[in-house]
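This report concerns only the one structure given below.
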Amino acid sequence: MLRIDLRDKRAFVAGVADDGGFGFAIAKALAEAGASVCLGTWPPALGIFEKLLERGKLDESMTLSDGSRLEFERIYPFDAVFDTLEQAPAEIRENKRYRERGDFSIRGLTDRLITDFGTPCLDIVVHSLANGPEVKLPLLETSRRGYLDAISASAYSNISLVRHLAPAMRPGGSFLSLTYMASERVIPGYGGGMSSAKAALESDTRTLAFEAGRRYGVRVNTISAGPYASRAATAIGMIQRMIAYTQRNSPLTREFLASDVGNAAAFLASPLAAGITGTVVYVDNGYHAMGMGVEESAPSRAAAT
Ligand SMILES: NC(=O)c1ccc[n+]([C@@H]2O[C@H](COP(=O)([O-])OP(=O)(O)OC[C@H]3O[C@@H](n4cnc5c(N)ncnc54)[C@H](O)[C@@H]3O)[C@@H](O)[C@H]2O)c1
């Protein structure tokens with residue numbers, strides 16, 4: 001039987017602070033396939049996440065299909081906008097959510113992984129995070145600072161993650177990030193330079209696949225996911241409208257699930273996808289293929305059958 005088998009593999013998933021987003025769904029799918037999973041959580045969200053876990057608030061989502069419980073091997077404090085601790089301004093380092101956490105930079109994370117597990121120690125790295133402080137502003141009104149911050153947190157962070165972690169990957173390692181089709185088509189309301197950041201992330205996926213593939217033998221892909229009401233997406237403020245519109249106008253009108261992305265990510269991370277790199281994989285009920293919205297009167301599957 002052909003299975004996704006990730007036993008003996010270790011994953012690092014960056015961008016999990018609750019059970020409501022793609023990062024959690026990916027971590028869970030990787031664990032379902034047998035991987036051990038470490039997380040990287042943004043320090044401002046880490047305290048709340050730890051409390052949710054301690055108080056058993058996530059117990060239902062943490063239950064795997066065989067009845068066992070999802071256990072994270074480590075949860076590291078992780079802020080993807082700093083390559084080294086020295087780059088973090090004093091006000092961040094002294095902030096109460098950061099100061100007790102040690103080195104939360106990408107270099108610090110790399111050092112902790114190597115201290116905890118030796119090197120090479122990783123097979124799978126997932127970048128499931130984004131941040132655009134001016135996301136609610138149209139691109140036309142986005143400040144230089146807001147634009148560069150969006151690119152820094154949402155695109156450059158992936159380059160830095162590949163640069164730091166690729167040397168700690170075992171042969172056949174897989175990097176994966178999450179993108180959105182606002183990179184290539186206009187999505188009104190997805191502003192602040194976030195569309196530009198996703199375009200950069202997708203372009204970088206191709207270049208990193210070549211450079212890190214040649215240098216380290218690793219694969220680099222990105223999943224372009226459909227709209228989903230995660231915490232980050234809800235903060236943008238129009239996610240329910242995006243979901244309803246996309247569902248109405250997609251080839252598949254089934255509900256789009258975070259586990260759709262989790263399962264695709266588990267496949268892409270597995271040896272079954274050994275020949276796939278430098279690719280944008282659409283996991284969106286096929287919405288990306290549409291060139292025009294569906295008229296209310298167009299036949300749906302339900303109407304046709
Ligand atoms: N939800 C959607 O509709 C949608 C669609 C396509 C792509 N995506 C992408 O999926 C990825 C995951 O987002 P999500 O929607 O599942 O939301 P989410 O809220 O589950 O995940 C975003 C995470 O990013 C973390 N984060 C923000 N800034 C950070 C930083 N500087 N360092 C480290 N972590 C940081 C947040 O704490 C949060 O845990 C993002 O790249 C997002 O752009 C989302």
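To be explicit about the labels: the chains of the structure tokens are called A, B, and onward in the order shown, and within each one the residues are counted from 1, while ligands get numbers from 1 in the order they are shown.
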Could you produce a table of the residues of chain A lying within 6 Å of ligand 1, with the nearest pair of atoms per residue and their separation in Å rounded to one decimal, using only C-alpha atoms and all ligand atoms, ordered by chain and increasing residue number, as a Markdown table?
| residue | atom | partner | partner_atom_place_in_ligand_line | distance |
| --- | --- | --- | --- | --- |
| A:Gly15 | CA | ligand 1 | 23 (C) | 4.0 |
| A:Val16 | CA | ligand 1 | 39 (O) | 4.2 |
| A:Ala17 | CA | ligand 1 | 39 (O) | 4.3 |
| A:Gly20 | CA | ligand 1 | 20 (O) | 5.7 |
| A:Gly21 | CA | ligand 1 | 20 (O) | 3.2 |
| A:Phe22 | CA | ligand 1 | 16 (O) | 3.8 |
| A:Gly23 | CA | ligand 1 | 16 (O) | 5.7 |
| A:Thr41 | CA | ligand 1 | 34 (N) | 5.8 |
| A:Trp42 | CA | ligand 1 | 34 (N) | 4.2 |
| A:Ala45 | CA | ligand 1 | 37 (O) | 5.6 |
| A:Phe78 | CA | ligand 1 | 33 (C) | 5.4 |
| A:Asp79 | CA | ligand 1 | 32 (N) | 3.6 |
| A:Ala80 | CA | ligand 1 | 32 (N) | 3.8 |
| A:Val81 | CA | ligand 1 | 31 (N) | 5.0 |
| A:Ser128 | CA | ligand 1 | 11 (C) | 4.1 |
| A:Leu129 | CA | ligand 1 | 24 (O) | 3.5 |
| A:Ala130 | CA | ligand 1 | 41 (O) | 4.4 |
| A:Asn131 | CA | ligand 1 | 28 (N) | 4.8 |
| A:Ala153 | CA | ligand 1 | 31 (N) | 5.3 |
| A:Leu178 | CA | ligand 1 | 41 (O) | 4.6 |
| A:Thr179 | CA | ligand 1 | 7 (C) | 4.4 |
| A:Tyr180 | CA | ligand 1 | 6 (C) | 4.1 |
| A:Ser224 | CA | ligand 1 | 6 (C) | 5.9 |
| A:Ala225 | CA | ligand 1 | 6 (C) | 4.2 |
| A:Gly226 | CA | ligand 1 | 5 (C) | 5.1 |
| A:Pro227 | CA | ligand 1 | 3 (O) | 3.2 |
| A:Tyr228 | CA | ligand 1 | 3 (O) | 3.8 |
| A:Ala229 | CA | ligand 1 | 1 (N) | 5.5 |
| A:Ser230 | CA | ligand 1 | 15 (O) | 4.7 |
| A:Arg231 | CA | ligand 1 | 19 (O) | 4.2 |
| A:Ala232 | CA | ligand 1 | 19 (O) | 3.8 |
| A:Ala233 | CA | ligand 1 | 1 (N) | 4.7 |
Find the residues of region 193-254 of chain A that sit at most 9 Å from region 278-288 of chain A; for each, write down the nearest two atoms and how far apart they are in Å, to one decimal. Count only C-alpha atoms. Sort by chain, then by number going up, and give it as a tab-separated table.
residue	atom	partner	partner_atom	distance
A:Glu202	CA	A:Val280	CA	6.9
A:Ser203	CA	A:Gly278	CA	8.9
A:Asp204	CA	A:Gly278	CA	8.7
A:Thr205	CA	A:Gly278	CA	5.5
A:Arg206	CA	A:Gly278	CA	4.2
A:Thr207	CA	A:Gly278	CA	7.4
A:Leu208	CA	A:Gly278	CA	7.5
A:Ala209	CA	A:Gly278	CA	4.9
A:Phe210	CA	A:Gly278	CA	7.3
A:Arg219	CA	A:Gly278	CA	7.3
A:Val220	CA	A:Gly278	CA	5.6
A:Asn221	CA	A:Thr279	CA	5.1
A:Thr222	CA	A:Val280	CA	5.0
A:Ile223	CA	A:Val281	CA	4.7
A:Ser224	CA	A:Tyr282	CA	4.7
A:Ala225	CA	A:Val283	CA	4.9
A:Gly226	CA	A:Asp284	CA	4.1
A:Pro227	CA	A:Asp284	CA	7.7
A:Thr246	CA	A:Tyr287	CA	6.6
A:Gln247	CA	A:Asn285	CA	8.1
A:Asn249	CA	A:Tyr287	CA	7.0
A:Ser250	CA	A:Tyr287	CA	4.4
A:Pro251	CA	A:Gly286	CA	5.6
A:Leu252	CA	A:Asn285	CA	5.1
A:Thr253	CA	A:Asn285	CA	7.3
A:Arg254	CA	A:Asn285	CA	7.7
>> Give me, as a list in words, all polymer residues having an atom no more than 8 Å from Val162 (chain A), counting only C-alpha atoms and skipping those fewer than 3 positions away in the same chain.
In response: Asn158, Ile159, Leu165, Ala166, Phe175, Leu208 and Ala212 of chain A
Next, the residues of the selection above should be written as a PDB file, in the first residue's frame with C-alpha atoms.
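Produced file selection04.pdb, reproduced below:
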ATOM      1  CA  ASN A 158      11.496  32.308   4.473  1.00  0.00           C
ATOM      2  CA  ILE A 159      14.827  32.997   2.766  1.00  0.00           C
ATOM      3  CA  LEU A 165      18.189  25.476   8.521  1.00  0.00           C
ATOM      4  CA  ALA A 166      19.178  23.860   5.206  1.00  0.00           C
ATOM      5  CA  PHE A 175      10.868  23.281   2.923  1.00  0.00           C
ATOM      6  CA  LEU A 208      15.667  28.869  -3.428  1.00  0.00           C
ATOM      7  CA  ALA A 212      19.369  25.130  -1.933  1.00  0.00           C
TER       8      ALA A 212
END
>> I'd like to know which residues of region 104-261 of chain A are alpha helix (DSSP H) (by DSSP, run on the backbone); could you write them as an MDAnalysis selection string?
In response: chainID A and resid 106:117 144:151 157:165 194:216 231:236 239:249 258:261
>> Rounded to one decimal, what separation in Å do you get between CA of Asp5 (chain A) and CA of Ala33 (chain A)?
In response: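 About the pair CA of Asp5 (chain A) and CA of Ala33 (chain A): they are 5.4 Å apart.
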> Can you list every residue in region 107-305 of chain A that DSSP puts in strand (DSSP E), as a list in words?
Replying inline: Leu122, Asp123, Ile124, Val125, Val126, His127, Met169, Arg170, Pro171, Gly172, Gly173, Ser174, Phe175, Leu176, Ser177, Leu178, Thr179, Arg219, Val220, Asn221, Thr222, Ile223, Ser224, Ala225, Val280, Val281, Tyr282 and Val283 of chain A
> Given the choices A:Ser196, A:Thr63, A:Ser152, A:Thr119, which gets closest to Arg170 (chain A) if the distance is worked out from only C-alpha atoms?
Replying inline: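 Comparing A:Ser196, A:Thr63, A:Ser152, A:Thr119 against Arg170 (chain A), the winner is A:Thr119.
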> Closest to Asp19 (chain A) among A:Glu295, A:Arg101, A:Ser259, A:Leu176, using only C-alpha atoms?
Replying inline: A:Ser259
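Between Ala273 (chain A) and the residues A:Gly193, A:Gly173, A:Gly102, A:Pro138, the shortest atom-to-atom distance, using only C-alpha atoms, involves A:Gly173.
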>> Using Å and a single decimal, report how far CA of Val186 (chain A) sits from CA of Arg241 (chain A).
In response: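 Between CA of Arg241 (chain A) and CA of Val186 (chain A) the gap works out to 15.3 Å.
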> Taking into account only C-alpha atoms, which residue in the set A:Gly192, A:Val125, A:Pro167, A:Phe49 is nearest to Ser143 (chain A)?
Replying inline: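 Comparing A:Gly192, A:Val125, A:Pro167, A:Phe49 against Ser143 (chain A), the winner is A:Gly192.
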>> Could you list, as a list in words, every residue within 8 Å of Ala266 (chain A), counting only C-alpha atoms and ignoring same-chain residues fewer than 2 positions away?
In response: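 Contacts, in chain order: Ile4, Ile26, Ala29, Leu30, Ala33, Gly262, Asn263, Ala264, Leu268, Ala269 and Ser270 of chain A.
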Take the residues that were just selected and, keeping N, CA, C and O atoms, output them as a JSON list (two decimals), in the first residue's frame.
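So part_17.json came out as:
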[["chain", "number", "residue", "atom", "x", "y", "z"],
["A", 4, "ILE", "N", 1.69, 7.81, 3.08],
["A", 4, "ILE", "CA", 2.59, 8.90, 3.49],
["A", 4, "ILE", "C", 3.22, 8.45, 4.81],
["A", 4, "ILE", "O", 2.52, 8.34, 5.82],
["A", 26, "ILE", "N", -1.17, 21.60, 9.55],
["A", 26, "ILE", "CA", 0.00, 20.94, 8.94],
["A", 26, "ILE", "C", 0.74, 20.13, 10.00],
["A", 26, "ILE", "O", 1.10, 18.97, 9.77],
["A", 29, "ALA", "N", -1.19, 16.97, 10.60],
["A", 29, "ALA", "CA", -1.09, 16.00, 9.50],
["A", 29, "ALA", "C", 0.30, 15.34, 9.49],
["A", 29, "ALA", "O", 0.41, 14.13, 9.26],
["A", 30, "LEU", "N", 1.33, 16.12, 9.76],
["A", 30, "LEU", "CA", 2.69, 15.55, 9.80],
["A", 30, "LEU", "C", 2.78, 14.52, 10.92],
["A", 30, "LEU", "O", 3.37, 13.45, 10.75],
["A", 33, "ALA", "N", 1.15, 11.30, 10.11],
["A", 33, "ALA", "CA", 1.98, 10.48, 9.24],
["A", 33, "ALA", "C", 3.21, 9.94, 9.97],
["A", 33, "ALA", "O", 4.04, 9.27, 9.37],
["A", 262, "GLY", "N", -3.22, 20.71, 5.29],
["A", 262, "GLY", "CA", -2.38, 19.83, 6.11],
["A", 262, "GLY", "C", -2.01, 18.56, 5.35],
["A", 262, "GLY", "O", -0.83, 18.15, 5.33],
["A", 263, "ASN", "N", -2.99, 17.95, 4.71],
["A", 263, "ASN", "CA", -2.72, 16.69, 4.01],
["A", 263, "ASN", "C", -1.82, 16.90, 2.79],
["A", 263, "ASN", "O", -0.92, 16.10, 2.53],
["A", 264, "ALA", "N", -2.05, 18.00, 2.06],
["A", 264, "ALA", "CA", -1.19, 18.29, 0.90],
["A", 264, "ALA", "C", 0.24, 18.55, 1.37],
["A", 264, "ALA", "O", 1.21, 18.13, 0.74],
["A", 268, "LEU", "N", 3.68, 16.70, 0.31],
["A", 268, "LEU", "CA", 4.83, 17.42, -0.25],
["A", 268, "LEU", "C", 6.09, 17.21, 0.59],
["A", 268, "LEU", "O", 7.21, 17.24, 0.06],
["A", 269, "ALA", "N", 5.91, 17.00, 1.89],
["A", 269, "ALA", "CA", 7.07, 16.80, 2.78],
["A", 269, "ALA", "C", 7.60, 15.37, 2.70],
["A", 269, "ALA", "O", 8.69, 15.09, 3.18],
["A", 270, "SER", "N", 6.83, 14.49, 2.10],
["A", 270, "SER", "CA", 7.17, 13.07, 2.15],
["A", 270, "SER", "C", 8.04, 12.65, 0.96],
["A", 270, "SER", "O", 8.10, 13.36, -0.05]]
> Hey, which of A:Ala235, A:Met1, A:Lys198, A:Leu148 ends up closest to Arg185 (chain A)? Count only C-alpha atoms.
Replying inline: A:Lys198
